[in-house]
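The next block holds one structure in the form of C-alpha cells; read it before the comments.
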Amino acid sequence: MTKGTRHYAADEIVAPELIALQAMYDDLRGQHTLLAYDALPPVEALPGVADLALVEALADGRYRYLAMGNGYRHVAGEALKTGPDGTITETRPVVRQHFDLAVTERRPVHVSVTRWDGPKILQYDRLILPLLDRRGDIAHLLAGEVFLRFAKG
C-alpha cells in the first residue's frame, strides 16, 4: 500500500464494457478453459476497445504493452512510461500482481478497486483475460481497465 493510498476490491464486474468483454471471451473459448490468441477477433470488434490493452507476457516476467486504447491509458495515468528501448512495460506493482495471477493461475482475473488517494476517491474495474499461444502457454493478456467514478473525500 502506498503511503496515503488505500485500496479495496469487490468481486463483481460493474463496467458494462467489461461485462460484454467477459461474455465475448467466454463465448469464443467455448468448452476450453482459456481463449487462444489466434481466436481473438479484430480489435475493432472488441467491446470497449478504448478501455483495453493488449499485453505480451515476456519469458523474463515483464509485461510489455503492444497496444492500448485512450481510456486505458487515461486510467493508468502517468504510471506508464516509454522505456529506453521504446517500449512500455507494466511497472505498477499491484497491476503486475494481477497480471501474474492471471498467468500463474491460468484464469481470468477481475478486480473492482476503490482507491483513496489523498482527498480523491477513485473507482475502477480491471479485467485481465489470458490468451494462449499455439503451444498452450499464456503469451498475451487482454486487459481492460474502466474508470467508474471520481468523488472528493
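Residues in the C-alpha cells are named by chain (A, B, ... in the order shown) and by number from 1 within that chain; ligands are numbered from 1 in the order shown.
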Original post:
Quick one: DSSP alpha helix (DSSP H) residues in region 1-151 of chain A, as a ChimeraX atom specification?
Top reply: /A:16-29,70-76,93-105
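Within 7 Å of region 134-147 of chain A there are Ala15, Leu18, Asp51, Leu52, Ala53, Leu54, Val55, Glu56, Ala57, Tyr72, Val75, Val103, Gln123, Tyr124, Asp125, Arg126, Leu127 and Ile128 of chain A, counting only C-alpha atoms and ignoring same-chain residues fewer than 6 positions away.
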Output C-alpha atoms for every residue in that selection, as a PDB file, in the first residue's frame.
```
ATOM      1  CA  ALA A  15     -18.394  -1.740 -16.030  1.00  0.00           C
ATOM      2  CA  LEU A  18     -16.011  -5.377 -19.247  1.00  0.00           C
ATOM      3  CA  ASP A  51     -10.518   0.765 -22.436  1.00  0.00           C
ATOM      4  CA  LEU A  52      -8.405  -2.223 -23.480  1.00  0.00           C
ATOM      5  CA  ALA A  53      -4.735  -3.072 -23.777  1.00  0.00           C
ATOM      6  CA  LEU A  54      -3.004  -5.998 -25.424  1.00  0.00           C
ATOM      7  CA  VAL A  55      -0.060  -7.097 -23.313  1.00  0.00           C
ATOM      8  CA  GLU A  56       2.718  -9.558 -24.103  1.00  0.00           C
ATOM      9  CA  ALA A  57       3.793 -11.766 -21.188  1.00  0.00           C
ATOM     10  CA  TYR A  72      -6.877   2.511 -20.663  1.00  0.00           C
ATOM     11  CA  VAL A  75      -6.857   5.336 -16.175  1.00  0.00           C
ATOM     12  CA  VAL A 103      -0.679 -16.133 -15.839  1.00  0.00           C
ATOM     13  CA  GLN A 123     -13.272   3.715  -8.511  1.00  0.00           C
ATOM     14  CA  TYR A 124     -12.493   1.494 -11.455  1.00  0.00           C
ATOM     15  CA  ASP A 125     -12.793  -2.074 -12.761  1.00  0.00           C
ATOM     16  CA  ARG A 126      -9.896  -4.154 -14.069  1.00  0.00           C
ATOM     17  CA  LEU A 127     -10.344  -7.388 -16.067  1.00  0.00           C
ATOM     18  CA  ILE A 128      -7.397  -9.487 -17.270  1.00  0.00           C
TER      19      ILE A 128
END
```
Original post:
What are the DSSP strand (DSSP E) residues of region 10-153 of chain A, as an MDAnalysis selection string?
Top reply: chainID A and resid 10 35:36 52:57 63:68 88:89 109:117 120:132 138:152
Non-local contacts of Leu28 (chain A) (10 Å; only C-alpha atoms; under 6 positions in same chain excluded) as a PDB file with N, CA, C and O atoms, in the first residue's frame:
```
ATOM      1  N   GLN A  22     -16.076  -9.960 -21.082  1.00  0.00           N
ATOM      2  CA  GLN A  22     -16.029 -11.274 -20.437  1.00  0.00           C
ATOM      3  C   GLN A  22     -16.982 -12.241 -21.134  1.00  0.00           C
ATOM      4  O   GLN A  22     -16.633 -13.403 -21.383  1.00  0.00           O
ATOM      5  N   LEU A  34      -9.297 -21.572 -21.564  1.00  0.00           N
ATOM      6  CA  LEU A  34      -8.831 -20.244 -21.955  1.00  0.00           C
ATOM      7  C   LEU A  34      -8.971 -20.055 -23.457  1.00  0.00           C
ATOM      8  O   LEU A  34      -9.002 -21.024 -24.219  1.00  0.00           O
ATOM      9  N   LEU A  35      -9.002 -18.809 -23.880  1.00  0.00           N
ATOM     10  CA  LEU A  35      -9.124 -18.468 -25.291  1.00  0.00           C
ATOM     11  C   LEU A  35      -7.738 -18.425 -25.932  1.00  0.00           C
ATOM     12  O   LEU A  35      -6.781 -17.928 -25.331  1.00  0.00           O
ATOM     13  N   ALA A  36      -7.639 -18.910 -27.152  1.00  0.00           N
ATOM     14  CA  ALA A  36      -6.392 -18.814 -27.902  1.00  0.00           C
ATOM     15  C   ALA A  36      -6.247 -17.407 -28.477  1.00  0.00           C
ATOM     16  O   ALA A  36      -7.226 -16.804 -28.921  1.00  0.00           O
ATOM     17  N   ALA A  39      -7.673 -16.844 -31.810  1.00  0.00           N
ATOM     18  CA  ALA A  39      -9.137 -16.803 -31.907  1.00  0.00           C
ATOM     19  C   ALA A  39      -9.709 -15.431 -31.559  1.00  0.00           C
ATOM     20  O   ALA A  39     -10.913 -15.210 -31.685  1.00  0.00           O
ATOM     21  N   LEU A  40      -8.853 -14.523 -31.125  1.00  0.00           N
ATOM     22  CA  LEU A  40      -9.299 -13.174 -30.763  1.00  0.00           C
ATOM     23  C   LEU A  40      -9.786 -12.457 -32.021  1.00  0.00           C
ATOM     24  O   LEU A  40      -9.104 -12.463 -33.039  1.00  0.00           O
ATOM     25  N   PRO A  41     -10.971 -11.859 -31.975  1.00  0.00           N
ATOM     26  CA  PRO A  41     -11.457 -11.141 -33.153  1.00  0.00           C
ATOM     27  C   PRO A  41     -10.643  -9.865 -33.404  1.00  0.00           C
ATOM     28  O   PRO A  41      -9.856  -9.453 -32.554  1.00  0.00           O
TER      29      PRO A  41
END
```
Original post:
For the atom pair CA of Val113 (chain A) and CA of Arg92 (chain A), what is the interatomic distance in Å to one decimal place?
Top reply: 14.4 Å
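Coordinates place CA of Gly48 (chain A) at a distance of 10.7 Å from CA of Asn70 (chain A).
Between Gly71 (chain A) and the residues A:Ala20, A:Val94, A:Val109, A:Val49, the shortest atom-to-atom distance, using only C-alpha atoms, involves A:Val49.
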**OP:** Determine the nearest neighbour of Tyr63 (chain A) from the options A:Arg96, A:Lys81, A:Arg115, A:Lys120, counting only C-alpha atoms.
**Re:** A:Arg96
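Restricting the calculation to only C-alpha atoms, the smallest distance between Val14 (chain A) and any of A:Ser112, A:Ala76, A:Val43, A:Asp100 is found for A:Ser112.
Pairwise distance (CA of Tyr65 (chain A), CA of Thr89 (chain A)) equals 5.9 Å.
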